[in-house]
Structure formats: structure tokens, C-alpha cells
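Data block below; observations after.
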Amino acid sequence: MFQKVKYNSLNELIYKEIKEKIIDNELKPNEKLDIDYLSASMGVSRTPVTNALKSLQKDGYVVIHPRSGSYVRELTQKEVEYIFDFRQVLECEIIRKVIGELSQEQLQEFRDKFETLLNISHVENDIQVRELVKSFFVIEIEFHEYLINACPRIIGTEIMNLMDLTKRIRKLHVFHKLKNFGWECFQEEITVHIKLIESLLAKELESSIQWITRDICKTKEEILESYQELH
């Protein structure tokens, strides 16, 4: 069920609510988004829901067929490949622009969080493993968002939307890896992020670009290899 919206910026809040449910896979690809149901669930009129769906269509999360209705949009394999390729170019350029401006304290905090996860060598049960994977995903997203937010807002907002488009399939990918390979498979990913952060702390530009390229390219390759299974 959707939470009832009680705020003034209805279009934006409804947009965010639906977008988060798409990213979390609660609303699945090709699922129809019934305006009457959404309106009733959130306690609002049809107009802000319609406006939110139009914005979601513009940003790539929804497709609207005039005679059929609105549906959750499924990214094609080619679109996923292109998005990660563009993310690689953009995030490398972000590092080139902001490497001298990043907070040493904030970078060290991210490093410590990844290091804490890396040092966990034993877990008792599947529930603990899933919680660890969730923690890893949250920290990873926060770290990449920190880099993007170092850009001027007018640029960062557009790059952030590109990154958001990959969050749903990235979440599915993370738990696919967990199911098939266990917690140990994330140790390499964590190590790559630690190496990237250490390069940023040292202001080593070329090394930083190499590590972030490795991170994004490897994630892209793994997602494309398991694309059919993730759907």
C-alpha cells in the first residue's frame, strides 16, 4: 500500500513515492499503474498523480500509452549497457573536476565503513548475510552520490538521474550475486572501493580513474551477463 500524502508539493512527493517503489522492485517492469488506485492509496486527486507519471515518463521510469495507460518501464539490455558506459565517462570526469575539493574527512568515513564490512569474515545465518549486503549497497550508493553531489547542482542532478535509473537492476544484481556466490563475492567489490577512496585521499588522479572505471565496468559486465536471470 502507498502512504497517504499530506504535504503541499504533491507532484514531487508522489513522483518520489512511485520512483522509490520502482527502484525497490515493489512495482515491477511492465506493471500497470492505475491512476484511480494510486490516487485512492495516497489520498490525493487524479491530477497530481497524472503529473507525477508524466514526469516519471520523462525521466525513463514509466511509459504512457494513450489508449492503454501507464506502465513501469523496463530498461532494455542495450539501454543498461549505454547507461553504464555513460556513467563511466561522467564519473571519471567528475573525479577530474573535483578530486582537489573532496573532503578528506568524508572520504575517510566512507573508507572506514567499507573497511568494517571487509573485516567481517564470518556470519551466522542467511539473515545476517542479507543485512550485510543491504549495508554494502547503501554505502556504495551513498559514496557515488557523494562524488556526484560535489558537482554544481545543475549538472549533478542530471547525472544523479542517470545513476538512479540503474539502481533497480543493481539491487537485483547484488542479491543475485548473494544467492549464487555468497558474501565472499563482495569482498573484491569492497576492496575496489577502498582502493578508489585511498587514491582519492592521496589525490592520485590516474589511479582514481582506473579504480572507478574498474568498478563501473565490472558491474556492467556482470549485469549484462545475468540480464535474463535478473528479469
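Lettering and numbering for the C-alpha cells are positional, with chains as A, B, ... in the shown order, residues counted from 1 in each chain, and ligands counted from 1 in the shown order.
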
For range 172-179 of chain A, please output as an MDAnalysis selection string all residues within 9 Å (counting only C-alpha atoms; exclusion window: fewer than 5 positions along the same chain). chainID A and resid 24:25 129:130 133:134 137 167 184:186 219 222:223 226:227 229:231

Using only C-alpha atoms, determine which residues lie at most 7 Å from Pro29 in chain A, disregarding the query and same-chain residues fewer than 5 positions distant; provide the list as a list in words.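 Once the adjacent positions are removed, what remains is Val72, Arg73 and Glu74 of chain A.
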
Put those residues in a file: N, CA and C atoms, as an mmCIF file, in the first residue's frame.
```cif
data_model
loop_
_atom_site.group_PDB
_atom_site.id
_atom_site.type_symbol
_atom_site.label_atom_id
_atom_site.label_comp_id
_atom_site.auth_asym_id
_atom_site.auth_seq_id
_atom_site.Cartn_x
_atom_site.Cartn_y
_atom_site.Cartn_z
ATOM 1 N N VAL A 72 5.154 0.546 -15.716
ATOM 2 C CA VAL A 72 6.552 0.631 -15.296
ATOM 3 C C VAL A 72 7.424 0.270 -16.492
ATOM 4 N N ARG A 73 8.403 1.107 -16.766
ATOM 5 C CA ARG A 73 9.255 0.897 -17.938
ATOM 6 C C ARG A 73 10.389 -0.078 -17.608
ATOM 7 N N GLU A 74 10.633 -0.995 -18.496
ATOM 8 C CA GLU A 74 11.732 -1.947 -18.338
ATOM 9 C C GLU A 74 12.884 -1.518 -19.229
#
```

Do you know which residues are at most 12 Å from range 57-59 of chain A counting only C-alpha atoms, after dropping those on the same chain fewer than 6 positions away, and could you put them as a PDB file with all heavy atoms, in the first residue's frame?
```
ATOM      1  N   TYR A  15       5.780  11.681  -7.171  1.00  0.00           N
ATOM      2  CA  TYR A  15       6.861  11.246  -8.070  1.00  0.00           C
ATOM      3  C   TYR A  15       7.878  10.414  -7.287  1.00  0.00           C
ATOM      4  O   TYR A  15       8.251   9.309  -7.699  1.00  0.00           O
ATOM      5  CB  TYR A  15       7.530  12.478  -8.679  1.00  0.00           C
ATOM      6  CG  TYR A  15       8.801  12.200  -9.462  1.00  0.00           C
ATOM      7  CD1 TYR A  15       8.772  12.089 -10.849  1.00  0.00           C
ATOM      8  CD2 TYR A  15      10.030  12.065  -8.820  1.00  0.00           C
ATOM      9  CE1 TYR A  15       9.936  11.838 -11.573  1.00  0.00           C
ATOM     10  CE2 TYR A  15      11.193  11.815  -9.523  1.00  0.00           C
ATOM     11  CZ  TYR A  15      11.142  11.708 -10.896  1.00  0.00           C
ATOM     12  OH  TYR A  15      12.296  11.453 -11.598  1.00  0.00           O
ATOM     13  N   LYS A  16       8.330  10.952  -6.151  1.00  0.00           N
ATOM     14  CA  LYS A  16       9.339  10.270  -5.340  1.00  0.00           C
ATOM     15  C   LYS A  16       8.823   8.931  -4.818  1.00  0.00           C
ATOM     16  O   LYS A  16       9.544   7.932  -4.827  1.00  0.00           O
ATOM     17  CB  LYS A  16       9.750  11.165  -4.167  1.00  0.00           C
ATOM     18  CG  LYS A  16      10.846  10.576  -3.308  1.00  0.00           C
ATOM     19  CD  LYS A  16      11.237  11.534  -2.196  1.00  0.00           C
ATOM     20  CE  LYS A  16      12.330  10.930  -1.311  1.00  0.00           C
ATOM     21  NZ  LYS A  16      12.694  11.838  -0.188  1.00  0.00           N
ATOM     22  N   ILE A  18       6.469   6.889  -6.043  1.00  0.00           N
ATOM     23  CA  ILE A  18       6.368   5.881  -7.098  1.00  0.00           C
ATOM     24  C   ILE A  18       7.755   5.462  -7.581  1.00  0.00           C
ATOM     25  O   ILE A  18       8.031   4.269  -7.784  1.00  0.00           O
ATOM     26  CB  ILE A  18       5.514   6.401  -8.275  1.00  0.00           C
ATOM     27  CG1 ILE A  18       4.083   6.689  -7.811  1.00  0.00           C
ATOM     28  CG2 ILE A  18       5.503   5.387  -9.421  1.00  0.00           C
ATOM     29  CD1 ILE A  18       3.212   7.360  -8.857  1.00  0.00           C
ATOM     30  N   LYS A  19       8.644   6.435  -7.736  1.00  0.00           N
ATOM     31  CA  LYS A  19      10.004   6.140  -8.189  1.00  0.00           C
ATOM     32  C   LYS A  19      10.703   5.187  -7.226  1.00  0.00           C
ATOM     33  O   LYS A  19      11.360   4.223  -7.661  1.00  0.00           O
ATOM     34  CB  LYS A  19      10.792   7.447  -8.311  1.00  0.00           C
ATOM     35  CG  LYS A  19      12.260   7.259  -8.691  1.00  0.00           C
ATOM     36  CD  LYS A  19      12.957   8.614  -8.769  1.00  0.00           C
ATOM     37  CE  LYS A  19      14.454   8.463  -8.932  1.00  0.00           C
ATOM     38  NZ  LYS A  19      15.143   9.774  -9.003  1.00  0.00           N
ATOM     39  N   LEU A  33       0.150   0.983 -13.926  1.00  0.00           N
ATOM     40  CA  LEU A  33      -0.013   1.939 -12.834  1.00  0.00           C
ATOM     41  C   LEU A  33      -1.383   2.593 -12.970  1.00  0.00           C
ATOM     42  O   LEU A  33      -1.568   3.518 -13.767  1.00  0.00           O
ATOM     43  CB  LEU A  33       1.106   2.991 -12.889  1.00  0.00           C
ATOM     44  CG  LEU A  33       2.531   2.424 -12.791  1.00  0.00           C
ATOM     45  CD1 LEU A  33       3.562   3.498 -13.114  1.00  0.00           C
ATOM     46  CD2 LEU A  33       2.786   1.842 -11.412  1.00  0.00           C
ATOM     47  N   THR A  50      -1.335  12.081 -12.142  1.00  0.00           N
ATOM     48  CA  THR A  50      -1.109  12.170 -13.586  1.00  0.00           C
ATOM     49  C   THR A  50       0.149  12.970 -13.886  1.00  0.00           C
ATOM     50  O   THR A  50       0.964  12.585 -14.740  1.00  0.00           O
ATOM     51  CB  THR A  50      -2.323  12.813 -14.279  1.00  0.00           C
ATOM     52  OG1 THR A  50      -3.493  12.030 -14.015  1.00  0.00           O
ATOM     53  CG2 THR A  50      -2.105  12.911 -15.780  1.00  0.00           C
ATOM     54  N   ASN A  51       0.317  14.092 -13.184  1.00  0.00           N
ATOM     55  CA  ASN A  51       1.506  14.930 -13.392  1.00  0.00           C
ATOM     56  C   ASN A  51       2.782  14.181 -13.012  1.00  0.00           C
ATOM     57  O   ASN A  51       3.803  14.272 -13.708  1.00  0.00           O
ATOM     58  CB  ASN A  51       1.396  16.212 -12.565  1.00  0.00           C
ATOM     59  CG  ASN A  51       0.312  17.148 -13.084  1.00  0.00           C
ATOM     60  OD1 ASN A  51      -0.076  17.067 -14.251  1.00  0.00           O
ATOM     61  ND2 ASN A  51      -0.188  18.008 -12.223  1.00  0.00           N
ATOM     62  N   HIS A  65       0.956   4.824 -22.584  1.00  0.00           N
ATOM     63  CA  HIS A  65       0.281   4.549 -23.845  1.00  0.00           C
ATOM     64  C   HIS A  65      -1.099   5.221 -23.786  1.00  0.00           C
ATOM     65  O   HIS A  65      -1.912   4.887 -22.913  1.00  0.00           O
ATOM     66  CB  HIS A  65       0.118   3.049 -24.057  1.00  0.00           C
ATOM     67  CG  HIS A  65       1.413   2.298 -24.101  1.00  0.00           C
ATOM     68  ND1 HIS A  65       2.382   2.540 -25.055  1.00  0.00           N
ATOM     69  CD2 HIS A  65       1.917   1.323 -23.288  1.00  0.00           C
ATOM     70  CE1 HIS A  65       3.415   1.737 -24.843  1.00  0.00           C
ATOM     71  NE2 HIS A  65       3.155   0.995 -23.781  1.00  0.00           N
ATOM     72  N   GLY A  69      -2.828   3.170 -20.919  1.00  0.00           N
ATOM     73  CA  GLY A  69      -2.500   3.585 -19.562  1.00  0.00           C
ATOM     74  C   GLY A  69      -1.002   3.702 -19.344  1.00  0.00           C
ATOM     75  O   GLY A  69      -0.204   3.695 -20.289  1.00  0.00           O
ATOM     76  N   SER A  70      -0.612   3.774 -18.077  1.00  0.00           N
ATOM     77  CA  SER A  70       0.788   3.942 -17.698  1.00  0.00           C
ATOM     78  C   SER A  70       1.353   2.623 -17.164  1.00  0.00           C
ATOM     79  O   SER A  70       0.670   1.921 -16.415  1.00  0.00           O
ATOM     80  CB  SER A  70       0.915   5.032 -16.625  1.00  0.00           C
ATOM     81  OG  SER A  70       0.393   6.264 -17.091  1.00  0.00           O
ATOM     82  N   TYR A  71       2.612   2.348 -17.512  1.00  0.00           N
ATOM     83  CA  TYR A  71       3.254   1.100 -17.105  1.00  0.00           C
ATOM     84  C   TYR A  71       4.678   1.384 -16.636  1.00  0.00           C
ATOM     85  O   TYR A  71       5.330   2.320 -17.127  1.00  0.00           O
ATOM     86  CB  TYR A  71       3.304   0.111 -18.279  1.00  0.00           C
ATOM     87  CG  TYR A  71       1.943  -0.277 -18.796  1.00  0.00           C
ATOM     88  CD1 TYR A  71       1.266   0.529 -19.710  1.00  0.00           C
ATOM     89  CD2 TYR A  71       1.328  -1.453 -18.365  1.00  0.00           C
ATOM     90  CE1 TYR A  71       0.009   0.177 -20.181  1.00  0.00           C
ATOM     91  CE2 TYR A  71       0.078  -1.820 -18.842  1.00  0.00           C
ATOM     92  CZ  TYR A  71      -0.576  -0.992 -19.737  1.00  0.00           C
ATOM     93  OH  TYR A  71      -1.828  -1.340 -20.199  1.00  0.00           O
ATOM     94  N   VAL A  72       5.154   0.546 -15.716  1.00  0.00           N
ATOM     95  CA  VAL A  72       6.552   0.631 -15.296  1.00  0.00           C
ATOM     96  C   VAL A  72       7.424   0.270 -16.492  1.00  0.00           C
ATOM     97  O   VAL A  72       7.204  -0.756 -17.138  1.00  0.00           O
ATOM     98  CB  VAL A  72       6.838  -0.311 -14.116  1.00  0.00           C
ATOM     99  CG1 VAL A  72       8.325  -0.262 -13.742  1.00  0.00           C
ATOM    100  CG2 VAL A  72       5.976   0.053 -12.912  1.00  0.00           C
ATOM    101  N   ARG A  73       8.403   1.107 -16.766  1.00  0.00           N
ATOM    102  CA  ARG A  73       9.255   0.897 -17.938  1.00  0.00           C
ATOM    103  C   ARG A  73      10.389  -0.078 -17.608  1.00  0.00           C
ATOM    104  O   ARG A  73      11.008   0.025 -16.559  1.00  0.00           O
ATOM    105  CB  ARG A  73       9.852   2.226 -18.394  1.00  0.00           C
ATOM    106  CG  ARG A  73      10.544   2.169 -19.745  1.00  0.00           C
ATOM    107  CD  ARG A  73      11.004   3.575 -20.124  1.00  0.00           C
ATOM    108  NE  ARG A  73      11.533   3.617 -21.460  1.00  0.00           N
ATOM    109  CZ  ARG A  73      12.771   3.260 -21.795  1.00  0.00           C
ATOM    110  NH1 ARG A  73      13.591   2.821 -20.858  1.00  0.00           N
ATOM    111  NH2 ARG A  73      13.187   3.353 -23.040  1.00  0.00           N
ATOM    112  N   GLU A  74      10.633  -0.995 -18.496  1.00  0.00           N
ATOM    113  CA  GLU A  74      11.732  -1.947 -18.338  1.00  0.00           C
ATOM    114  C   GLU A  74      12.884  -1.518 -19.229  1.00  0.00           C
ATOM    115  O   GLU A  74      12.728  -1.359 -20.439  1.00  0.00           O
ATOM    116  CB  GLU A  74      11.293  -3.362 -18.706  1.00  0.00           C
ATOM    117  CG  GLU A  74      12.392  -4.390 -18.561  1.00  0.00           C
ATOM    118  CD  GLU A  74      11.901  -5.808 -18.825  1.00  0.00           C
ATOM    119  OE1 GLU A  74      10.845  -5.966 -19.464  1.00  0.00           O
ATOM    120  OE2 GLU A  74      12.577  -6.750 -18.393  1.00  0.00           O
ATOM    121  N   THR A 157      22.383  16.983 -10.754  1.00  0.00           N
ATOM    122  CA  THR A 157      21.011  16.469 -10.786  1.00  0.00           C
ATOM    123  C   THR A 157      20.792  15.568 -11.982  1.00  0.00           C
ATOM    124  O   THR A 157      20.158  14.511 -11.876  1.00  0.00           O
ATOM    125  CB  THR A 157      19.999  17.639 -10.813  1.00  0.00           C
ATOM    126  OG1 THR A 157      20.162  18.414  -9.619  1.00  0.00           O
ATOM    127  CG2 THR A 157      18.570  17.126 -10.877  1.00  0.00           C
ATOM    128  N   GLU A 158      21.309  15.960 -13.137  1.00  0.00           N
ATOM    129  CA  GLU A 158      21.137  15.160 -14.348  1.00  0.00           C
ATOM    130  C   GLU A 158      21.930  13.855 -14.260  1.00  0.00           C
ATOM    131  O   GLU A 158      21.455  12.799 -14.663  1.00  0.00           O
ATOM    132  CB  GLU A 158      21.574  15.969 -15.571  1.00  0.00           C
ATOM    133  CG  GLU A 158      20.727  17.199 -15.853  1.00  0.00           C
ATOM    134  CD  GLU A 158      19.258  16.865 -16.035  1.00  0.00           C
ATOM    135  OE1 GLU A 158      18.953  15.841 -16.696  1.00  0.00           O
ATOM    136  OE2 GLU A 158      18.412  17.608 -15.511  1.00  0.00           O
ATOM    137  N   ILE A 159      23.138  13.921 -13.724  1.00  0.00           N
ATOM    138  CA  ILE A 159      23.946  12.713 -13.580  1.00  0.00           C
ATOM    139  C   ILE A 159      23.301  11.773 -12.563  1.00  0.00           C
ATOM    140  O   ILE A 159      23.295  10.553 -12.737  1.00  0.00           O
ATOM    141  CB  ILE A 159      25.382  13.074 -13.152  1.00  0.00           C
ATOM    142  CG1 ILE A 159      26.039  13.962 -14.210  1.00  0.00           C
ATOM    143  CG2 ILE A 159      26.214  11.802 -12.939  1.00  0.00           C
ATOM    144  CD1 ILE A 159      27.404  14.484 -13.815  1.00  0.00           C
ATOM    145  N   MET A 160      22.728  12.353 -11.493  1.00  0.00           N
ATOM    146  CA  MET A 160      22.091  11.537 -10.462  1.00  0.00           C
ATOM    147  C   MET A 160      20.916  10.760 -11.036  1.00  0.00           C
ATOM    148  O   MET A 160      20.692   9.594 -10.687  1.00  0.00           O
ATOM    149  CB  MET A 160      21.608  12.420  -9.313  1.00  0.00           C
ATOM    150  CG  MET A 160      21.161  11.636  -8.083  1.00  0.00           C
ATOM    151  SD  MET A 160      22.555  10.916  -7.205  1.00  0.00           S
ATOM    152  CE  MET A 160      23.210  12.376  -6.400  1.00  0.00           C
ATOM    153  N   ASN A 161      20.152  11.374 -11.918  1.00  0.00           N
ATOM    154  CA  ASN A 161      19.021  10.667 -12.517  1.00  0.00           C
ATOM    155  C   ASN A 161      19.501   9.486 -13.350  1.00  0.00           C
ATOM    156  O   ASN A 161      18.882   8.415 -13.342  1.00  0.00           O
ATOM    157  CB  ASN A 161      18.188  11.607 -13.384  1.00  0.00           C
ATOM    158  CG  ASN A 161      16.932  10.927 -13.908  1.00  0.00           C
ATOM    159  OD1 ASN A 161      16.098  10.468 -13.139  1.00  0.00           O
ATOM    160  ND2 ASN A 161      16.812  10.840 -15.224  1.00  0.00           N
ATOM    161  N   LEU A 162      20.605   9.669 -14.040  1.00  0.00           N
ATOM    162  CA  LEU A 162      21.185   8.571 -14.826  1.00  0.00           C
ATOM    163  C   LEU A 162      21.591   7.421 -13.899  1.00  0.00           C
ATOM    164  O   LEU A 162      21.341   6.249 -14.195  1.00  0.00           O
ATOM    165  CB  LEU A 162      22.399   9.079 -15.598  1.00  0.00           C
ATOM    166  CG  LEU A 162      22.942   8.183 -16.720  1.00  0.00           C
ATOM    167  CD1 LEU A 162      21.926   8.032 -17.832  1.00  0.00           C
ATOM    168  CD2 LEU A 162      24.248   8.755 -17.259  1.00  0.00           C
ATOM    169  N   MET A 163      22.179   7.766 -12.771  1.00  0.00           N
ATOM    170  CA  MET A 163      22.574   6.747 -11.804  1.00  0.00           C
ATOM    171  C   MET A 163      21.343   6.070 -11.200  1.00  0.00           C
ATOM    172  O   MET A 163      21.312   4.853 -11.026  1.00  0.00           O
ATOM    173  CB  MET A 163      23.413   7.383 -10.694  1.00  0.00           C
ATOM    174  CG  MET A 163      23.845   6.403  -9.617  1.00  0.00           C
ATOM    175  SD  MET A 163      24.889   7.195  -8.392  1.00  0.00           S
ATOM    176  CE  MET A 163      24.798   5.975  -7.082  1.00  0.00           C
ATOM    177  N   ASP A 164      20.318   6.855 -10.888  1.00  0.00           N
ATOM    178  CA  ASP A 164      19.097   6.296 -10.297  1.00  0.00           C
ATOM    179  C   ASP A 164      18.457   5.250 -11.207  1.00  0.00           C
ATOM    180  O   ASP A 164      17.868   4.274 -10.729  1.00  0.00           O
ATOM    181  CB  ASP A 164      18.080   7.407 -10.006  1.00  0.00           C
ATOM    182  CG  ASP A 164      18.434   8.209  -8.756  1.00  0.00           C
ATOM    183  OD1 ASP A 164      19.353   7.799  -8.023  1.00  0.00           O
ATOM    184  OD2 ASP A 164      17.794   9.250  -8.516  1.00  0.00           O
ATOM    185  N   LEU A 165      18.569   5.449 -12.510  1.00  0.00           N
ATOM    186  CA  LEU A 165      17.968   4.507 -13.453  1.00  0.00           C
ATOM    187  C   LEU A 165      18.571   3.106 -13.328  1.00  0.00           C
ATOM    188  O   LEU A 165      17.931   2.121 -13.674  1.00  0.00           O
ATOM    189  CB  LEU A 165      18.145   5.010 -14.892  1.00  0.00           C
ATOM    190  CG  LEU A 165      17.177   6.107 -15.352  1.00  0.00           C
ATOM    191  CD1 LEU A 165      17.629   6.691 -16.687  1.00  0.00           C
ATOM    192  CD2 LEU A 165      15.750   5.579 -15.469  1.00  0.00           C
TER     193      LEU A 165
END
```

Quick one, how far is CA of Thr166 in chain A from CA of Ile190 in chain A?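 Computed distance, CA of Thr166 in chain A to CA of Ile190 in chain A, equals 18.9 Å.
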
List every residue of range 10-163 of chain A that DSSP, applied to the backbone of this structure, places in alpha helix (DSSP H), and write the result as a ChimeraX atom specification. /A:10-23,35-42,46-59,77-98,104-118,126-149,153-163

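Atom pair CA of Phe86 in chain A / CA of Glu188 in chain A has a distance of 23.4 Å (rounded to one decimal).
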
Could you please determine the separation between CA of Ile169 in chain A and CA of Arg153 in chain A in Å, to one decimal place?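 Interatomic distance, CA of Ile169 in chain A to CA of Arg153 in chain A: 25.4 Å.
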
For Gln210 in chain A, the nearest of the candidates A:Asn125, A:Glu91, A:Ile139, A:Leu224, counting only C-alpha atoms: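 Smallest distance to Gln210 in chain A is found for A:Glu91.
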
Go through A:Leu132, A:Ile120, A:Leu107, A:Ile22 one by one, measure the shortest atom-to-atom distance of each to Glu198 in chain A using only C-alpha atoms, and give the residue with the smallest value. A:Leu107

Write out as a PDB file with N, CA and C atoms, in the first residue's frame each polymer residue whose atoms come within 12 Å of Cys92 in chain A, counting only C-alpha atoms; drop sequence neighbours fewer than 4 positions from it.
```
ATOM      1  N   ASP A  85      27.938   2.804 -19.584  1.00  0.00           N
ATOM      2  CA  ASP A  85      29.034   3.402 -20.350  1.00  0.00           C
ATOM      3  C   ASP A  85      29.093   4.911 -20.125  1.00  0.00           C
ATOM      4  N   PHE A  86      27.926   5.552 -20.153  1.00  0.00           N
ATOM      5  CA  PHE A  86      27.892   7.000 -19.915  1.00  0.00           C
ATOM      6  C   PHE A  86      28.246   7.325 -18.471  1.00  0.00           C
ATOM      7  N   ARG A  87      27.813   6.473 -17.528  1.00  0.00           N
ATOM      8  CA  ARG A  87      28.186   6.684 -16.130  1.00  0.00           C
ATOM      9  C   ARG A  87      29.700   6.644 -15.971  1.00  0.00           C
ATOM     10  N   GLN A  88      30.328   5.720 -16.654  1.00  0.00           N
ATOM     11  CA  GLN A  88      31.787   5.616 -16.561  1.00  0.00           C
ATOM     12  C   GLN A  88      32.450   6.919 -17.012  1.00  0.00           C
ATOM     13  N   ARG A  96      37.999  14.048 -12.213  1.00  0.00           N
ATOM     14  CA  ARG A  96      38.974  15.011 -12.745  1.00  0.00           C
ATOM     15  C   ARG A  96      38.678  16.427 -12.254  1.00  0.00           C
ATOM     16  N   LYS A  97      37.375  16.755 -12.165  1.00  0.00           N
ATOM     17  CA  LYS A  97      36.983  18.118 -11.797  1.00  0.00           C
ATOM     18  C   LYS A  97      37.077  18.377 -10.298  1.00  0.00           C
ATOM     19  N   VAL A  98      36.770  17.388  -9.473  1.00  0.00           N
ATOM     20  CA  VAL A  98      36.569  17.673  -8.044  1.00  0.00           C
ATOM     21  C   VAL A  98      37.585  17.003  -7.122  1.00  0.00           C
ATOM     22  N   ILE A  99      38.553  16.267  -7.653  1.00  0.00           N
ATOM     23  CA  ILE A  99      39.453  15.495  -6.791  1.00  0.00           C
ATOM     24  C   ILE A  99      40.149  16.374  -5.752  1.00  0.00           C
ATOM     25  N   HIS A 144      28.892   6.985  -4.205  1.00  0.00           N
ATOM     26  CA  HIS A 144      28.794   7.505  -5.571  1.00  0.00           C
ATOM     27  C   HIS A 144      27.978   8.797  -5.608  1.00  0.00           C
ATOM     28  N   LEU A 147      30.168  11.725  -4.606  1.00  0.00           N
ATOM     29  CA  LEU A 147      31.002  12.217  -5.705  1.00  0.00           C
ATOM     30  C   LEU A 147      30.185  13.084  -6.658  1.00  0.00           C
ATOM     31  N   ILE A 148      28.987  12.628  -6.995  1.00  0.00           N
ATOM     32  CA  ILE A 148      28.141  13.367  -7.930  1.00  0.00           C
ATOM     33  C   ILE A 148      27.728  14.708  -7.339  1.00  0.00           C
ATOM     34  N   LEU A 196      39.866   2.826  -4.434  1.00  0.00           N
ATOM     35  CA  LEU A 196      39.441   4.077  -5.062  1.00  0.00           C
ATOM     36  C   LEU A 196      39.505   5.225  -4.057  1.00  0.00           C
ATOM     37  N   LEU A 200      41.750   8.664  -3.985  1.00  0.00           N
ATOM     38  CA  LEU A 200      41.165   9.996  -3.856  1.00  0.00           C
ATOM     39  C   LEU A 200      41.770  10.751  -2.680  1.00  0.00           C
ATOM     40  N   LEU A 205      45.145  11.173  -9.350  1.00  0.00           N
ATOM     41  CA  LEU A 205      44.091  11.255 -10.359  1.00  0.00           C
ATOM     42  C   LEU A 205      44.005  10.002 -11.226  1.00  0.00           C
ATOM     43  N   GLU A 206      45.096   9.606 -11.840  1.00  0.00           N
ATOM     44  CA  GLU A 206      45.048   8.477 -12.774  1.00  0.00           C
ATOM     45  C   GLU A 206      44.658   7.179 -12.069  1.00  0.00           C
ATOM     46  N   SER A 207      45.174   6.976 -10.867  1.00  0.00           N
ATOM     47  CA  SER A 207      44.817   5.782 -10.102  1.00  0.00           C
ATOM     48  C   SER A 207      43.330   5.791  -9.748  1.00  0.00           C
ATOM     49  N   SER A 208      42.808   6.955  -9.364  1.00  0.00           N
ATOM     50  CA  SER A 208      41.390   7.079  -9.033  1.00  0.00           C
ATOM     51  C   SER A 208      40.513   6.737 -10.232  1.00  0.00           C
ATOM     52  N   ILE A 209      40.898   7.231 -11.389  1.00  0.00           N
ATOM     53  CA  ILE A 209      40.133   6.964 -12.607  1.00  0.00           C
ATOM     54  C   ILE A 209      40.186   5.475 -12.963  1.00  0.00           C
ATOM     55  N   GLN A 210      41.339   4.865 -12.773  1.00  0.00           N
ATOM     56  CA  GLN A 210      41.450   3.430 -13.056  1.00  0.00           C
ATOM     57  C   GLN A 210      40.537   2.607 -12.150  1.00  0.00           C
ATOM     58  N   TRP A 211      40.471   2.956 -10.864  1.00  0.00           N
ATOM     59  CA  TRP A 211      39.658   2.181  -9.927  1.00  0.00           C
ATOM     60  C   TRP A 211      38.168   2.386 -10.157  1.00  0.00           C
ATOM     61  N   ILE A 212      37.751   3.619 -10.451  1.00  0.00           N
ATOM     62  CA  ILE A 212      36.317   3.831 -10.665  1.00  0.00           C
ATOM     63  C   ILE A 212      35.886   3.208 -11.993  1.00  0.00           C
ATOM     64  N   THR A 213      36.778   3.206 -12.978  1.00  0.00           N
ATOM     65  CA  THR A 213      36.485   2.540 -14.249  1.00  0.00           C
ATOM     66  C   THR A 213      36.339   1.041 -14.037  1.00  0.00           C
ATOM     67  N   ARG A 214      37.233   0.477 -13.263  1.00  0.00           N
ATOM     68  CA  ARG A 214      37.150  -0.956 -12.969  1.00  0.00           C
ATOM     69  C   ARG A 214      35.844  -1.297 -12.259  1.00  0.00           C
ATOM     70  N   ASP A 215      35.461  -0.475 -11.301  1.00  0.00           N
ATOM     71  CA  ASP A 215      34.228  -0.705 -10.545  1.00  0.00           C
ATOM     72  C   ASP A 215      33.004  -0.691 -11.451  1.00  0.00           C
ATOM     73  N   ILE A 216      32.851   0.356 -12.254  1.00  0.00           N
ATOM     74  CA  ILE A 216      31.659   0.504 -13.095  1.00  0.00           C
ATOM     75  C   ILE A 216      31.642  -0.534 -14.208  1.00  0.00           C
ATOM     76  N   CYS A 217      32.786  -0.776 -14.843  1.00  0.00           N
ATOM     77  CA  CYS A 217      32.834  -1.739 -15.956  1.00  0.00           C
ATOM     78  C   CYS A 217      32.541  -3.158 -15.484  1.00  0.00           C
TER      79      CYS A 217
END
```

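Checking A:Cys151, A:Ile197, A:Tyr82, A:Val44 one by one against Glu101 in chain A, counting only C-alpha atoms, you find the shortest gap at A:Cys151.
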
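Those residues of range 35-171 of chain A that DSSP, working from the backbone, places in strand (DSSP E) are Val62, Val63, Ile64, His65, Gly69, Ser70, Tyr71 and Val72 of chain A.
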
Expected file: the selected residues, N, CA and C atoms, as a short mmCIF file (atom, residue, chain, number, x, y, z; two decimals), in the first residue's frame:
```
data_model
loop_
_atom_site.label_atom_id
_atom_site.label_comp_id
_atom_site.auth_asym_id
_atom_site.auth_seq_id
_atom_site.Cartn_x
_atom_site.Cartn_y
_atom_site.Cartn_z
N VAL A 62 8.68 5.29 -16.47
CA VAL A 62 7.31 4.93 -16.83
C VAL A 62 7.12 5.13 -18.33
N VAL A 63 6.29 4.31 -18.92
CA VAL A 63 5.88 4.53 -20.30
C VAL A 63 4.37 4.70 -20.32
N ILE A 64 3.89 5.70 -21.04
CA ILE A 64 2.46 6.00 -21.08
C ILE A 64 1.93 5.73 -22.49
N HIS A 65 0.96 4.82 -22.58
CA HIS A 65 0.28 4.55 -23.84
C HIS A 65 -1.10 5.22 -23.79
N GLY A 69 -2.83 3.17 -20.92
CA GLY A 69 -2.50 3.59 -19.56
C GLY A 69 -1.00 3.70 -19.34
N SER A 70 -0.61 3.77 -18.08
CA SER A 70 0.79 3.94 -17.70
C SER A 70 1.35 2.62 -17.16
N TYR A 71 2.61 2.35 -17.51
CA TYR A 71 3.25 1.10 -17.11
C TYR A 71 4.68 1.38 -16.64
N VAL A 72 5.15 0.55 -15.72
CA VAL A 72 6.55 0.63 -15.30
C VAL A 72 7.42 0.27 -16.49
#
```
